[in-house]
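**Student:** Have a look at this one.
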Amino acid sequence: MTKPTRVPRKNDNAWTDADRLRWAVYWLLIAVCLGNAVGRIFAVTAEHKRHPFLSANDRSRWATVRSLVDHQTFAIDEVIQDRYWDSIDKVYHLGPDGKYHYYSSKPPLMACVLAGEYWLIKNTIGLEISEHPYYVGRAILIFTNGLLLLGLLWATIWIAERYAKSDFARVGIVATVAFGTFLTTYAVTINNHSLAAMSVAIALYCGLRVWCDDRGDARYLLGAGFFAACAAVNDLPAFSFFGLLGLAMLIKRPAGTLLYGVPAAAVILGASLLTNYVAHQSWRPPYAHRADGEVLGTLETKMHGALDKNEVPTQLADVLGQHDIALSDQAEIITRETGNRWVVLDRGIDRRYAIQRTDANIEVRDWDNWYDYDTSYWKPGVKKGVDKGEKSIGLYAFHVTLGHHGILSLTPVWLLSLLGLGLWLGEKGSMRQVAGFIILLTLICVLFYVFRPLKDRNYGGMTSGFRWAFWLIPMWLTAMIPVLDRWKNARWGQLLFAGLLLFSAISASYSALNPWVHPWMYTYLGYLGWME
């Protein structure tokens with residue numbers, strides 16, 4: 001197996017002028033990238049000018065942060081009484097007090113970390129986020145996203161320094177991550193993609209050191225396990241990265257992986273499961289509660305007439321009574337779909353049950369659809385625009401890759417990643433295996449979302465790019481190495497790379513002050529009348 005030449009750590013006397021110049025460029029790129037992000041955070045504000053939280057997505061997380069510190073609960077009922085803090089990204093289910101409450105639909109681990117930052121601000125400076133949302137919100141954004149962006153840049157530099165052979169490739173890859181991807185676009189908002197991408201970058205570097213360089217250092221195995229798990233719990237498809245990287249580490253260093261990698265991963269996985277259970281009294285995340293619960297009993301099919309009239313049949317009370325559930329005189333029937341689906345809502349005991357007609361009978365089910373509540377945006381017939389879903393799987397696949405939300409059309413610099421993967425596949429040794437690793441994970445992620453049900457084929461909602469694939473960016477950056485190395489002395493190649501990076505930077509900058517908007521291509525096609 002061919003391995004990259006091991007490069008020992010340089011002392012000050014071993015640095016050449018080229019090394020010093022390259023690192024000077026790195027520091028300049030880091031400074032400009034972070035400065036750009038912080039400047040935009042200072043400028044960012046919602047349309048109503050009441051706080052700097054830009055979308056339903058990040059407001060959902062901020063509502064949990066505020067509720068945890070100010071009200072000592074994961075329930076966000078009190079916070080969202082202010083409509084400017086409300087969000088469509090919420091669920092409704094029984095809380096530990098036996099009553100129904102609203103909760104953020106986002107995994108709670110990140111909100112807990114952010115709540116720790118807010119708690120420190122509130123208990124040291126005395127600022128409350130409800131009264132000073134700009135000071136508190138921007139302080140948390142700068143600290144959190146600044147660290148995530150710095151971690152992403154630093155890990156990318158590690159990878160470029162270790163595995164690229166030319167200064168052109170090294171500087172080009174760092175310039176791409178600093179200005180040519182949507183990861184910097186999202187630096188102005190709290191989101192899970194920035195954390196997942198940074199985690200992938202660090203885990204990837206650690207994994208490459210083990211797989212390609214045959215290193216068994218505890219720090220690399222710890223880093224691979226911890227950060228791969230961190231990526232997985234923050235971006236669901238990144239569980240494929242966690243599993244495949246974990247398998248690679250077990251093959252290469254089985255004892256070290258079990259001793260260091262597995263416990264490190266267990267810390268993050270355990271924290272994610274524990275915070276989810278404390279928040280929701282369920283080991284399953286909110287998005288796994290989108291259907292009815294267990295069948296409690298059945299009704300005769302002929303009862304659909306009474307149910308459509310919103311009458312509570314005696315047979316229904318008998319079925320629930322078998323489970324020691326006694327309906328109060330406030331129980332009512334709400335028709336969701338005439339002749340087919342109904343909801344039993346009993347405000348007297350604060351309970352609800354689902355009634356669903358099947359081919360054989362009418363089933364009475366326990367309530368487990370947390371997204372089905374009176375004001376829910378996610379009920380059938382309520383969603384608008386892109387959230388309705390793309391009916392054609394083929395058209396959806398096209399727009400995800402080459403169309404208005406296209407990975408390659410919006411950020412064509414990834415064309416070089418495809419070329420680089422092809423070059424590595426033609427080589428012998430570990431880099432061919434790395435190429436297969438990246439290709440397999442890319443296919444898993446893209447195909448996972450392409451073949452989702454209609455309700456999920458929405459490109460990630462109101463977003464400036466196909467955000468569900470952002471966690472793959474560190475691997476795509478790495479895949480550019482063999483191409484840029486070959487173009488180190490080719491003027492035409494350097495100009496082509498600059499052109500692709502220019503176009504990618506335009507797409508990333510289009511929504512620099514609010515990433516929760518449609519891509520420029522989608523908006524322009526709408527302007528031309530080619531989109532609904």
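Scheme for the structure tokens: letters A, B, ... for chains in order shown; per-chain residue numbers from 1; ligand numbers from 1 in order shown.
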Could you produce a table of the residues of range 331-371 of chain A lying within 10 Å of range 286-306 of chain A, with the nearest pair of atoms per residue and their separation in Å rounded to one decimal, using only C-alpha atoms, ordered by chain and increasing residue number, as a tab-separated table?
**Tutor:**
residue	atom	partner	partner_atom	distance
A:Ile333	CA	A:Ala306	CA	9.6
A:Thr338	CA	A:His304	CA	8.6
A:Gly339	CA	A:His304	CA	5.7
A:Asn340	CA	A:His304	CA	7.6
A:Arg341	CA	A:His304	CA	9.0
A:Trp342	CA	A:His304	CA	9.3
A:Tyr353	CA	A:Asp292	CA	8.6
A:Ala354	CA	A:Asp292	CA	6.7
A:Ile355	CA	A:Thr298	CA	8.9
A:Gln356	CA	A:Asp292	CA	9.0
A:Arg357	CA	A:Thr301	CA	7.5
A:Thr358	CA	A:Thr301	CA	8.5
A:Asp359	CA	A:Thr301	CA	8.8
A:Ala360	CA	A:Thr301	CA	7.5
A:Asn361	CA	A:Thr301	CA	4.9
A:Ile362	CA	A:Leu299	CA	4.9
A:Glu363	CA	A:Thr298	CA	4.4
A:Val364	CA	A:Gly297	CA	5.3
A:Arg365	CA	A:Val295	CA	4.3
A:Asp366	CA	A:Gly293	CA	4.6
A:Trp367	CA	A:Gly293	CA	5.4
A:Asp368	CA	A:Gly293	CA	4.8
A:Asn369	CA	A:Arg290	CA	4.4
A:Trp370	CA	A:His289	CA	5.8
A:Tyr371	CA	A:Arg290	CA	6.2
**Student:** For Ser199 in chain A, please output as JSON, numbers by chain all residues within 7 Å (counting only C-alpha atoms; exclusion window: fewer than 4 positions along the same chain).
**Tutor:** {"A": [195, 203, 227, 228, 230, 231]}
**Student:** With only C-alpha atoms as the atoms that count, which of A:Gly216, A:Pro453, A:Gly493, A:Gly465 lies nearest to Leu259 in chain A?
**Tutor:**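 Counting only C-alpha atoms, the residue closest to Leu259 in chain A is A:Gly216.
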**Student:** When distances are computed from only C-alpha atoms, which of A:Gly207, A:Gly389, A:Gly270, A:Pro254 shows the smallest separation from Ser430 in chain A?
**Tutor:**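 Checking each of A:Gly207, A:Gly389, A:Gly270, A:Pro254 against Ser430 in chain A, counting only C-alpha atoms, the winner is A:Gly207.
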**Student:** Extract, using only C-alpha atoms, all DNA, RNA and protein residues at most 10 Å from Phe437 in chain A, discarding same-chain residues fewer than 3 positions from it, and format them as a PyMOL selection string.
**Tutor:** chain A and resi 241+244-245+248+431-434+440-442+475
**Student:** For the selection you just gave me, I'd like the residues written to a file as a PDB file, in the first residue's frame, keeping N, CA, C and O atoms.
**Tutor:**
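Dumped to again34.pdb:
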ATOM      1  N   PHE A 241     -21.414   8.315   7.885  1.00  0.00           N
ATOM      2  CA  PHE A 241     -20.005   8.662   8.078  1.00  0.00           C
ATOM      3  C   PHE A 241     -19.485   8.059   9.369  1.00  0.00           C
ATOM      4  O   PHE A 241     -18.394   7.472   9.409  1.00  0.00           O
ATOM      5  N   LEU A 244     -19.204   4.169   8.873  1.00  0.00           N
ATOM      6  CA  LEU A 244     -18.161   3.735   7.948  1.00  0.00           C
ATOM      7  C   LEU A 244     -16.766   4.083   8.468  1.00  0.00           C
ATOM      8  O   LEU A 244     -15.828   3.284   8.345  1.00  0.00           O
ATOM      9  N   LEU A 245     -16.626   5.265   9.056  1.00  0.00           N
ATOM     10  CA  LEU A 245     -15.330   5.631   9.635  1.00  0.00           C
ATOM     11  C   LEU A 245     -15.007   4.725  10.819  1.00  0.00           C
ATOM     12  O   LEU A 245     -13.855   4.296  10.994  1.00  0.00           O
ATOM     13  N   ALA A 248     -13.735   1.504   9.516  1.00  0.00           N
ATOM     14  CA  ALA A 248     -12.359   1.646   9.027  1.00  0.00           C
ATOM     15  C   ALA A 248     -11.365   1.667  10.183  1.00  0.00           C
ATOM     16  O   ALA A 248     -10.284   1.054  10.106  1.00  0.00           O
ATOM     17  N   MET A 431      -5.283   6.157  -1.077  1.00  0.00           N
ATOM     18  CA  MET A 431      -6.126   7.228  -1.584  1.00  0.00           C
ATOM     19  C   MET A 431      -7.243   6.711  -2.481  1.00  0.00           C
ATOM     20  O   MET A 431      -8.282   7.348  -2.600  1.00  0.00           O
ATOM     21  N   ARG A 432      -7.047   5.579  -3.118  1.00  0.00           N
ATOM     22  CA  ARG A 432      -8.152   4.953  -3.861  1.00  0.00           C
ATOM     23  C   ARG A 432      -9.263   4.565  -2.891  1.00  0.00           C
ATOM     24  O   ARG A 432     -10.449   4.740  -3.191  1.00  0.00           O
ATOM     25  N   GLN A 433      -8.879   4.045  -1.736  1.00  0.00           N
ATOM     26  CA  GLN A 433      -9.876   3.665  -0.731  1.00  0.00           C
ATOM     27  C   GLN A 433     -10.569   4.894  -0.153  1.00  0.00           C
ATOM     28  O   GLN A 433     -11.777   4.879   0.107  1.00  0.00           O
ATOM     29  N   VAL A 434      -9.824   5.982   0.038  1.00  0.00           N
ATOM     30  CA  VAL A 434     -10.421   7.228   0.517  1.00  0.00           C
ATOM     31  C   VAL A 434     -11.444   7.742  -0.495  1.00  0.00           C
ATOM     32  O   VAL A 434     -12.529   8.208  -0.131  1.00  0.00           O
ATOM     33  N   LEU A 440     -19.034   6.762  -1.744  1.00  0.00           N
ATOM     34  CA  LEU A 440     -20.104   5.979  -1.117  1.00  0.00           C
ATOM     35  C   LEU A 440     -20.943   6.857  -0.192  1.00  0.00           C
ATOM     36  O   LEU A 440     -22.189   6.816  -0.235  1.00  0.00           O
ATOM     37  N   LEU A 441     -20.297   7.679   0.626  1.00  0.00           N
ATOM     38  CA  LEU A 441     -21.043   8.529   1.549  1.00  0.00           C
ATOM     39  C   LEU A 441     -21.854   9.586   0.812  1.00  0.00           C
ATOM     40  O   LEU A 441     -22.980   9.920   1.217  1.00  0.00           O
ATOM     41  N   THR A 442     -21.307  10.124  -0.271  1.00  0.00           N
ATOM     42  CA  THR A 442     -22.048  11.112  -1.057  1.00  0.00           C
ATOM     43  C   THR A 442     -23.295  10.483  -1.660  1.00  0.00           C
ATOM     44  O   THR A 442     -24.389  11.069  -1.619  1.00  0.00           O
ATOM     45  N   MET A 475     -15.120  16.538   2.986  1.00  0.00           N
ATOM     46  CA  MET A 475     -14.638  15.440   2.149  1.00  0.00           C
ATOM     47  C   MET A 475     -14.499  15.883   0.701  1.00  0.00           C
ATOM     48  O   MET A 475     -13.565  15.472  -0.002  1.00  0.00           O
TER      49      MET A 475
END
**Student:** Show which residues sit within 9 Å of range 147-158 of chain A, as a ChimeraX atom specification. Count only C-alpha atoms, and ignore same-chain residues fewer than 5 positions away.
**Tutor:** /A:26,30,33-34,37,142,163,170-171,173-174,177-178,183-184,187,194-195,197-205,474,477-478
**Student:** Return the single residue from A:Ile506, A:Val382, A:Val343, A:Leu21 that is closest to Ile88 in chain A, with distances computed using only C-alpha atoms.
**Tutor:** A:Val382
**Student:** Name the residues in contact with range 124-128 of chain A at a cut-off of 12 Å, using only C-alpha atoms, excluding same-chain residues fewer than 3 positions from it; report them as a list in words.
**Tutor:**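 That gives Val65, Arg66, Ser67, Val69, Asp70, Ala115, Glu117, Tyr118, Trp119, Leu120, Ile121, Glu131, His132, Pro133, Tyr134, Tyr135, Val136, Gly137 and Ala139 of chain A.
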**Student:** Please identify all polymer residues within 10 Å of range 95-98 of chain A, counting only C-alpha atoms, omitting same-chain residues fewer than 4 positions from it, and present them as a list in words.
**Tutor:** Thr73, Phe74, Ala75, Tyr102, Tyr103, Val278, Ala279, His280, Gln281, Ile349, Asp350 and Arg351 of chain A
**Student:** Please compute the CA of Asp374 in chain A-CA of Thr335 in chain A distance, one decimal, in Å.
**Tutor:**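 CA of Thr335 in chain A lies at a distance of 11.7 Å from CA of Asp374 in chain A.
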**Student:** With only C-alpha atoms as the counted atoms, please give the residues lying no more than 9 Å from Leu273 in chain A, apart from itself and same-chain residues fewer than 3 positions off, as a list of chain:residue names.
**Tutor:**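 What passes the distance filter is A:Leu109, A:Ile268, A:Leu269, A:Gly270, A:Asn276, A:Tyr277, A:Val278, A:Ser282, A:Trp283, A:Arg284, A:Pro285.
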**Student:** Name the closest residue to Ser272 in chain A among the candidates A:Gly436, A:Pro107, A:Leu250, A:Trp492; distances are taken between atoms, counting only C-alpha atoms.
**Tutor:**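 Ranking A:Gly436, A:Pro107, A:Leu250, A:Trp492 by distance to Ser272 in chain A, first place goes to A:Pro107.
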**Student:** Could you tell me which of A:His518, A:Arg486, A:Arg215, A:Arg467 comes closest to Val446 in chain A if we count only C-alpha atoms?
**Tutor:** A:Arg467
**Student:** If DSSP is run on the backbone, what residues of range 330-491 of chain A are alpha helix (DSSP H)? A reply as a ChimeraX atom specification would be ideal.
**Tutor:** /A:393-401,407-410,414-425,430-450,473-479,481-486,491
**Student:** Suppose you want the space between CA of Leu415 in chain A and CA of Ser504 in chain A; what is it in Å?
**Tutor:**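 It comes out at 11.0 Å.
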**Student:** Pick out the closest residue to Thr463 in chain A from this set: A:Ile159, A:Val262, A:Leu416, A:Ala508. Count only C-alpha atoms.
**Tutor:**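 Selected residue with least distance to Thr463 in chain A: A:Ala508.
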